[in-house]
Amino acid sequence: MDIIHSLPFLQSFVHVVEEESFASAAKKMKISTSAISKQINKLEEILGLQLLVRTTRRMVLTPPGILFYDQCKSILMRVEEAQDMIGELHAEPQGRLNVVAARYFAKQFLNPSINAFLTKYPAIYLNLEWAERMPDIEKEGVDVVIGMSVPAESANIIQKRIMSTRYVFTASPAYLKKHGTPKKPVELSTHRYLTHSMRKPNSTLLFSDHEPVQIKPYLQINDAETLLDFTIQGMGIMKTHEYVVSEAIQQGKLVEILKPFSQEEVPIYVAYPQRRILSRKIRCFIDFVEAGLLKQKQWK
């Protein structure tokens, strides 16, 4: 069987390995579990090698399977690059674009312009996930991750700063009236500290030219907007990106504290898979977002 006709088998094999499940891989490929199992069996028959050891509880790659998986990933990446190259010949960017964005970043900077983007590029189909997590870009097939301040760990990911912010500490006027206003970082250890569960470590606060402060979070949650709501309600003090609280501070719902101890600027990134040719749909999306941030004087 030549490489062209075996591509579906290679794709099935890669999905099974990455999903660690025949059922999950079948769901992702929108075929039956039995069909994907037959494809893997046929692939092993063609190669004359056992690629996977299957038990009722787990699935393990054999040594040849490990080598073959690496080669399959390389082949499929080359095919995708070739498709992107052909796509560049189209006058209009098109196709599915999988975007994962930090939830509050999306609410403030993406939601107002999504309709304008799709109006400008009607042949692009957006698949959006507003999330409070850093996805595995390669494994999950994500095209763009945007609005995160967490650096990418993989060498196969390109990460670019699109704006900067800073961390600020805020509390509601009602909370400060009841519990007092901390004047020094060390005083935070006696206050109710609210934090985002993505932030690591969550028990130590660092300040420039100041001793680390050990705290015990009063509450942690994986959603920036809810964290903001809880702080406005007077539940405690939080540390978050400035753009998240700027409106609430202007409206008097929150007060910035410990401003003399403000931390250094934090980069906000856009990340995408490293390819020799960046697909036009990805480039158009990033350029569109950067233009919007520039208009709002957020881009740096």
# chains A, B, ... in the order shown; residues from 1 in each chain; ligands from 1
$ residues_around --residues "stretch 43-59 of chain A" --least-positions-apart "6" --cutoff "7 Å" --atoms "only C-alpha atoms" --output "list of chain:residue names"
A:Phe9, A:Glu20, A:Gly65
$ select_by_dssp --residues "stretch 48-253 of chain A" --states "strand (DSSP E)" --output "MDAnalysis selection string"
chainID A and resid 52:54 59:61 95:102 124:131 144:148 157:171 193:196 204:207 210:214 219:221 237:241
$ select_by_dssp --residues "stretch 37-167 of chain A" --states "alpha helix (DSSP H)" --output "ChimeraX atom specification"
/A:37-47,63-87,103-105,114-120,137-140
$ closest_residue --among "A:Val16, A:Val266, A:Ala271, A:Leu294" --to "A:Val168" --atoms "only C-alpha atoms"
A:Val266
$ closest_residue --among "A:Arg283, A:Arg78, A:Lys107, A:Arg133" --to "A:His196" --atoms "only C-alpha atoms"
A:Arg133
$ residues_around --residues "A:Leu10" --least-positions-apart "6" --cutoff "12 Å" --atoms "only C-alpha atoms" --output "list in words"
Met1, Asp2, Ile3, Ile4, Val16, Val17, Ile36, Gln39, Ile40, Asn41, Lys42, Leu43, Glu44, Ile46, Leu47, Leu51, Gly65, Phe68, Tyr69, Asp70, Gln71, Cys72, Lys73, Ser74, Ile75, Leu76, Met77 and Val79 of chain A
$ closest_atom_pairs --of "stretch 109-224 of chain A" --to "stretch 236-259 of chain A" --cutoff "10 Å" --atoms "only C-alpha atoms" --output "tab-separated table"
residue	atom	partner	partner_atom	distance
A:Ser149	CA	A:His241	CA	9.5
A:Ser164	CA	A:His241	CA	9.5
A:Thr165	CA	A:Glu242	CA	6.0
A:Arg166	CA	A:Glu242	CA	5.6
A:Tyr167	CA	A:His241	CA	4.6
A:Val168	CA	A:Lys239	CA	5.5
A:Phe169	CA	A:Lys239	CA	4.5
A:Thr170	CA	A:Glu256	CA	4.4
A:Ala171	CA	A:Ile237	CA	4.7
A:Ser172	CA	A:Leu254	CA	4.4
A:Pro173	CA	A:Leu254	CA	6.3
A:Ala174	CA	A:Leu254	CA	9.2
A:Tyr175	CA	A:Gly236	CA	6.5
A:Leu176	CA	A:Val255	CA	8.7
A:His179	CA	A:Gly236	CA	9.1
A:Thr181	CA	A:Ile257	CA	7.4
A:Pro182	CA	A:Leu258	CA	7.2
A:Lys183	CA	A:Leu258	CA	6.2
A:Lys184	CA	A:Leu258	CA	6.6
A:Pro185	CA	A:Leu258	CA	7.0
A:Leu188	CA	A:Ile237	CA	8.4
A:His191	CA	A:Gly236	CA	7.3
A:Arg192	CA	A:Gly236	CA	4.8
A:Tyr193	CA	A:Ile237	CA	5.0
A:Leu194	CA	A:Met238	CA	4.9
A:Thr195	CA	A:Met238	CA	5.9
A:His196	CA	A:Thr240	CA	8.3
A:Arg199	CA	A:Thr240	CA	9.9
A:Leu205	CA	A:Lys239	CA	9.4
A:Pro217	CA	A:Met238	CA	9.8
A:Tyr218	CA	A:Gly236	CA	7.9
A:Leu219	CA	A:Gly236	CA	8.7
A:Gln220	CA	A:Met238	CA	9.9
A:Ala224	CA	A:Val244	CA	8.1
$ write_last_selection --atoms "N, CA and C atoms" --output "mmCIF file, in the first residue's frame"
data_model
loop_
_atom_site.group_PDB
_atom_site.id
_atom_site.type_symbol
_atom_site.label_atom_id
_atom_site.label_comp_id
_atom_site.auth_asym_id
_atom_site.auth_seq_id
_atom_site.Cartn_x
_atom_site.Cartn_y
_atom_site.Cartn_z
ATOM 1 N N SER A 149 -0.708 34.254 29.715
ATOM 2 C CA SER A 149 0.571 34.801 30.166
ATOM 3 C C SER A 149 1.549 33.687 30.507
ATOM 4 N N SER A 164 1.157 43.785 26.781
ATOM 5 C CA SER A 164 1.689 43.630 28.123
ATOM 6 C C SER A 164 0.675 44.145 29.132
ATOM 7 N N THR A 165 0.735 43.612 30.312
ATOM 8 C CA THR A 165 -0.090 44.095 31.399
ATOM 9 C C THR A 165 0.769 44.042 32.660
ATOM 10 N N ARG A 166 0.192 44.224 33.801
ATOM 11 C CA ARG A 166 0.902 44.046 35.060
ATOM 12 C C ARG A 166 -0.061 43.445 36.060
ATOM 13 N N TYR A 167 0.479 42.768 37.048
ATOM 14 C CA TYR A 167 -0.358 42.241 38.109
ATOM 15 C C TYR A 167 -0.662 43.354 39.109
ATOM 16 N N VAL A 168 -1.899 43.440 39.529
ATOM 17 C CA VAL A 168 -2.288 44.419 40.548
ATOM 18 C C VAL A 168 -3.066 43.699 41.650
ATOM 19 N N PHE A 169 -2.994 44.257 42.845
ATOM 20 C CA PHE A 169 -3.760 43.747 43.983
ATOM 21 C C PHE A 169 -4.941 44.682 44.210
ATOM 22 N N THR A 170 -6.128 44.111 44.312
ATOM 23 C CA THR A 170 -7.324 44.923 44.507
ATOM 24 C C THR A 170 -8.246 44.286 45.544
ATOM 25 N N ALA A 171 -9.089 45.119 46.089
ATOM 26 C CA ALA A 171 -10.137 44.665 47.015
ATOM 27 C C ALA A 171 -11.287 45.657 46.913
ATOM 28 N N SER A 172 -12.445 45.264 47.395
ATOM 29 C CA SER A 172 -13.590 46.167 47.367
ATOM 30 C C SER A 172 -13.501 47.162 48.522
ATOM 31 N N PRO A 173 -14.101 48.339 48.374
ATOM 32 C CA PRO A 173 -14.114 49.293 49.483
ATOM 33 C C PRO A 173 -14.720 48.686 50.753
ATOM 34 N N ALA A 174 -15.759 47.843 50.584
ATOM 35 C CA ALA A 174 -16.411 47.234 51.753
ATOM 36 C C ALA A 174 -15.449 46.300 52.489
ATOM 37 N N TYR A 175 -14.672 45.521 51.737
ATOM 38 C CA TYR A 175 -13.711 44.614 52.377
ATOM 39 C C TYR A 175 -12.661 45.407 53.140
ATOM 40 N N LEU A 176 -12.127 46.451 52.526
ATOM 41 C CA LEU A 176 -11.074 47.245 53.160
ATOM 42 C C LEU A 176 -11.591 47.973 54.396
ATOM 43 N N HIS A 179 -11.823 44.991 57.032
ATOM 44 C CA HIS A 179 -10.613 44.258 57.398
ATOM 45 C C HIS A 179 -9.353 45.124 57.421
ATOM 46 N N THR A 181 -6.725 48.142 55.321
ATOM 47 C CA THR A 181 -5.962 48.171 54.076
ATOM 48 C C THR A 181 -4.503 47.838 54.345
ATOM 49 N N PRO A 182 -3.996 46.764 53.763
ATOM 50 C CA PRO A 182 -2.579 46.427 53.960
ATOM 51 C C PRO A 182 -1.677 47.499 53.330
ATOM 52 N N LYS A 183 -0.660 47.907 54.084
ATOM 53 C CA LYS A 183 0.265 48.929 53.608
ATOM 54 C C LYS A 183 1.573 48.325 53.090
ATOM 55 N N LYS A 184 1.883 47.111 53.546
ATOM 56 C CA LYS A 184 3.096 46.416 53.134
ATOM 57 C C LYS A 184 2.729 45.009 52.675
ATOM 58 N N PRO A 185 3.499 44.432 51.753
ATOM 59 C CA PRO A 185 3.190 43.090 51.256
ATOM 60 C C PRO A 185 3.046 42.044 52.355
ATOM 61 N N LEU A 188 -0.322 40.970 53.807
ATOM 62 C CA LEU A 188 -1.279 40.144 53.062
ATOM 63 C C LEU A 188 -1.484 38.783 53.732
ATOM 64 N N HIS A 191 -4.683 38.486 55.594
ATOM 65 C CA HIS A 191 -5.921 38.812 54.895
ATOM 66 C C HIS A 191 -6.477 37.609 54.138
ATOM 67 N N ARG A 192 -7.699 37.732 53.703
ATOM 68 C CA ARG A 192 -8.334 36.712 52.876
ATOM 69 C C ARG A 192 -7.872 36.911 51.433
ATOM 70 N N TYR A 193 -7.112 35.947 50.963
ATOM 71 C CA TYR A 193 -6.512 36.056 49.630
ATOM 72 C C TYR A 193 -7.239 35.144 48.665
ATOM 73 N N LEU A 194 -7.740 35.734 47.565
ATOM 74 C CA LEU A 194 -8.459 34.992 46.523
ATOM 75 C C LEU A 194 -7.526 34.847 45.326
ATOM 76 N N THR A 195 -7.481 33.659 44.728
ATOM 77 C CA THR A 195 -6.512 33.444 43.659
ATOM 78 C C THR A 195 -7.046 32.539 42.556
ATOM 79 N N HIS A 196 -6.406 32.623 41.423
ATOM 80 C CA HIS A 196 -6.737 31.766 40.284
ATOM 81 C C HIS A 196 -5.971 30.452 40.423
ATOM 82 N N ARG A 199 -2.511 29.724 38.724
ATOM 83 C CA ARG A 199 -1.301 30.410 39.160
ATOM 84 C C ARG A 199 -0.485 29.506 40.073
ATOM 85 N N LEU A 205 3.803 34.861 47.336
ATOM 86 C CA LEU A 205 3.694 36.066 46.534
ATOM 87 C C LEU A 205 5.069 36.722 46.447
ATOM 88 N N PRO A 217 -4.221 30.682 50.600
ATOM 89 C CA PRO A 217 -5.404 31.191 49.904
ATOM 90 C C PRO A 217 -6.701 30.900 50.653
ATOM 91 N N TYR A 218 -7.532 31.899 50.731
ATOM 92 C CA TYR A 218 -8.861 31.747 51.336
ATOM 93 C C TYR A 218 -9.782 31.030 50.360
ATOM 94 N N LEU A 219 -9.537 31.276 49.055
ATOM 95 C CA LEU A 219 -10.356 30.653 48.000
ATOM 96 C C LEU A 219 -9.560 30.682 46.702
ATOM 97 N N GLN A 220 -9.670 29.613 45.920
ATOM 98 C CA GLN A 220 -9.095 29.630 44.567
ATOM 99 C C GLN A 220 -10.114 29.074 43.589
ATOM 100 N N ALA A 224 -11.436 33.618 35.766
ATOM 101 C CA ALA A 224 -11.047 34.984 36.092
ATOM 102 C C ALA A 224 -12.249 35.890 36.331
#
$ atom_distance --atom1 "atom CA of A:Thr231" --atom2 "atom CA of A:Lys200"
19.8 Å
$ residues_around --residues "A:Val213" --least-positions-apart "6" --cutoff "9 Å" --atoms "only C-alpha atoms" --output "list in words"
Pro185, Val186, Glu187, Leu188, Ser189, Ser203, Thr204, Leu205, Leu206 and Phe207 of chain A
$ write_last_selection --atoms "C-alpha atoms" --output "short mmCIF file (atom, residue, chain, number, x, y, z; two decimals), in the first residue's frame"
data_model
loop_
_atom_site.label_atom_id
_atom_site.label_comp_id
_atom_site.auth_asym_id
_atom_site.auth_seq_id
_atom_site.Cartn_x
_atom_site.Cartn_y
_atom_site.Cartn_z
CA PRO A 185 3.19 43.09 51.26
CA VAL A 186 3.84 41.11 54.45
CA GLU A 187 0.43 42.21 55.79
CA LEU A 188 -1.28 40.14 53.06
CA SER A 189 -0.59 37.02 55.12
CA SER A 203 1.11 29.96 48.44
CA THR A 204 3.90 32.47 47.72
CA LEU A 205 3.69 36.07 46.53
CA LEU A 206 6.79 37.64 45.00
CA PHE A 207 7.54 41.35 44.90
#
$ closest_residue --among "A:Lys177, A:Phe261, A:Asn222, A:Lys281" --to "A:Leu126" --atoms "only C-alpha atoms"
A:Lys281
$ decode --residues "stretch 20-117 of chain A" --atoms "C-alpha atoms" --output "compact mmCIF listing (two decimals), in the first residue's frame"
# COMPACT_ATOMS: atom_id res chain seq x y z
CA GLU A 20 -4.65 6.65 24.55
CA SER A 21 -7.98 5.15 23.63
CA PHE A 22 -9.56 3.56 20.55
CA ALA A 23 -12.97 4.94 21.50
CA SER A 24 -11.71 8.51 21.97
CA ALA A 25 -9.75 8.38 18.72
CA ALA A 26 -12.79 7.03 16.87
CA LYS A 27 -14.95 9.83 18.25
CA LYS A 28 -12.39 12.42 17.18
CA MET A 29 -12.27 10.96 13.65
CA LYS A 30 -16.03 10.47 13.56
CA ILE A 31 -15.83 6.75 12.76
CA SER A 32 -16.72 3.65 14.77
CA THR A 33 -14.39 2.07 17.29
CA SER A 34 -14.44 -1.18 15.35
CA ALA A 35 -13.46 0.65 12.14
CA ILE A 36 -10.43 2.30 13.75
CA SER A 37 -9.44 -1.01 15.34
CA LYS A 38 -9.53 -2.68 11.92
CA GLN A 39 -7.37 0.10 10.47
CA ILE A 40 -4.71 -0.40 13.16
CA ASN A 41 -4.81 -4.18 12.63
CA LYS A 42 -4.43 -3.68 8.87
CA LEU A 43 -1.54 -1.28 9.41
CA GLU A 44 0.25 -3.80 11.62
CA GLU A 45 -0.39 -6.50 9.01
CA ILE A 46 1.09 -4.34 6.23
CA LEU A 47 4.17 -3.50 8.31
CA GLY A 48 4.55 -7.00 9.69
CA LEU A 49 5.06 -5.45 13.15
CA GLN A 50 3.06 -5.12 16.33
CA LEU A 51 2.69 -1.43 17.07
CA LEU A 52 0.46 -1.57 20.14
CA VAL A 53 0.02 -3.93 23.05
CA ARG A 54 -3.63 -3.85 24.04
CA THR A 55 -5.07 -4.99 27.37
CA THR A 56 -8.46 -4.43 28.96
CA ARG A 57 -7.04 -1.59 31.04
CA ARG A 58 -4.34 0.09 29.00
CA MET A 59 -2.58 0.41 25.69
CA VAL A 60 1.22 0.51 25.34
CA LEU A 61 3.40 1.28 22.35
CA THR A 62 5.93 -1.37 21.41
CA PRO A 63 9.51 -0.19 20.63
CA PRO A 64 8.78 -0.33 16.86
CA GLY A 65 5.52 1.47 17.60
CA ILE A 66 7.37 4.34 19.27
CA LEU A 67 9.63 4.77 16.25
CA PHE A 68 6.75 4.48 13.82
CA TYR A 69 4.67 7.05 15.75
CA ASP A 70 7.46 9.63 15.44
CA GLN A 71 7.68 9.04 11.70
CA CYS A 72 3.91 9.22 11.29
CA LYS A 73 3.80 12.59 13.05
CA SER A 74 6.50 13.88 10.71
CA ILE A 75 4.69 12.58 7.61
CA LEU A 76 1.34 14.04 8.64
CA MET A 77 2.94 17.38 9.46
CA ARG A 78 4.49 17.46 5.99
CA VAL A 79 1.12 16.68 4.42
CA GLU A 80 -0.50 19.48 6.45
CA GLU A 81 2.23 21.88 5.36
CA ALA A 82 1.62 20.91 1.74
CA GLN A 83 -2.10 21.54 2.18
CA ASP A 84 -1.35 24.94 3.71
CA MET A 85 0.94 25.75 0.78
CA ILE A 86 -1.84 24.96 -1.67
CA GLY A 87 -4.24 26.96 0.47
CA GLU A 88 -1.99 29.97 0.07
CA LEU A 89 -2.86 29.95 -3.62
CA HIS A 90 -6.48 30.72 -2.82
CA ALA A 91 -7.45 34.35 -3.03
CA GLU A 92 -9.33 34.06 0.25
CA PRO A 93 -8.28 32.43 3.54
CA GLN A 94 -10.55 29.53 4.29
CA GLY A 95 -11.15 26.44 6.40
CA ARG A 96 -11.60 25.54 10.05
CA LEU A 97 -9.63 27.62 12.57
CA ASN A 98 -9.38 26.22 16.10
CA VAL A 99 -8.79 28.99 18.64
CA VAL A 100 -8.36 28.71 22.41
CA ALA A 101 -8.32 31.99 24.36
CA ALA A 102 -8.13 33.05 27.99
CA ARG A 103 -11.74 33.65 28.97
CA TYR A 104 -11.50 37.23 30.25
CA PHE A 105 -9.07 38.26 27.51
CA ALA A 106 -11.60 36.94 24.98
CA LYS A 107 -14.47 38.78 26.62
CA GLN A 108 -12.65 42.09 26.55
CA PHE A 109 -10.61 41.95 23.36
CA LEU A 110 -12.03 39.24 21.06
CA ASN A 111 -15.80 39.07 21.54
CA PRO A 112 -16.44 42.62 20.25
CA SER A 113 -14.63 41.89 16.96
CA ILE A 114 -15.46 38.26 16.10
CA ASN A 115 -18.41 39.27 13.94
CA ALA A 116 -16.23 41.77 12.05
CA PHE A 117 -13.58 39.09 11.49
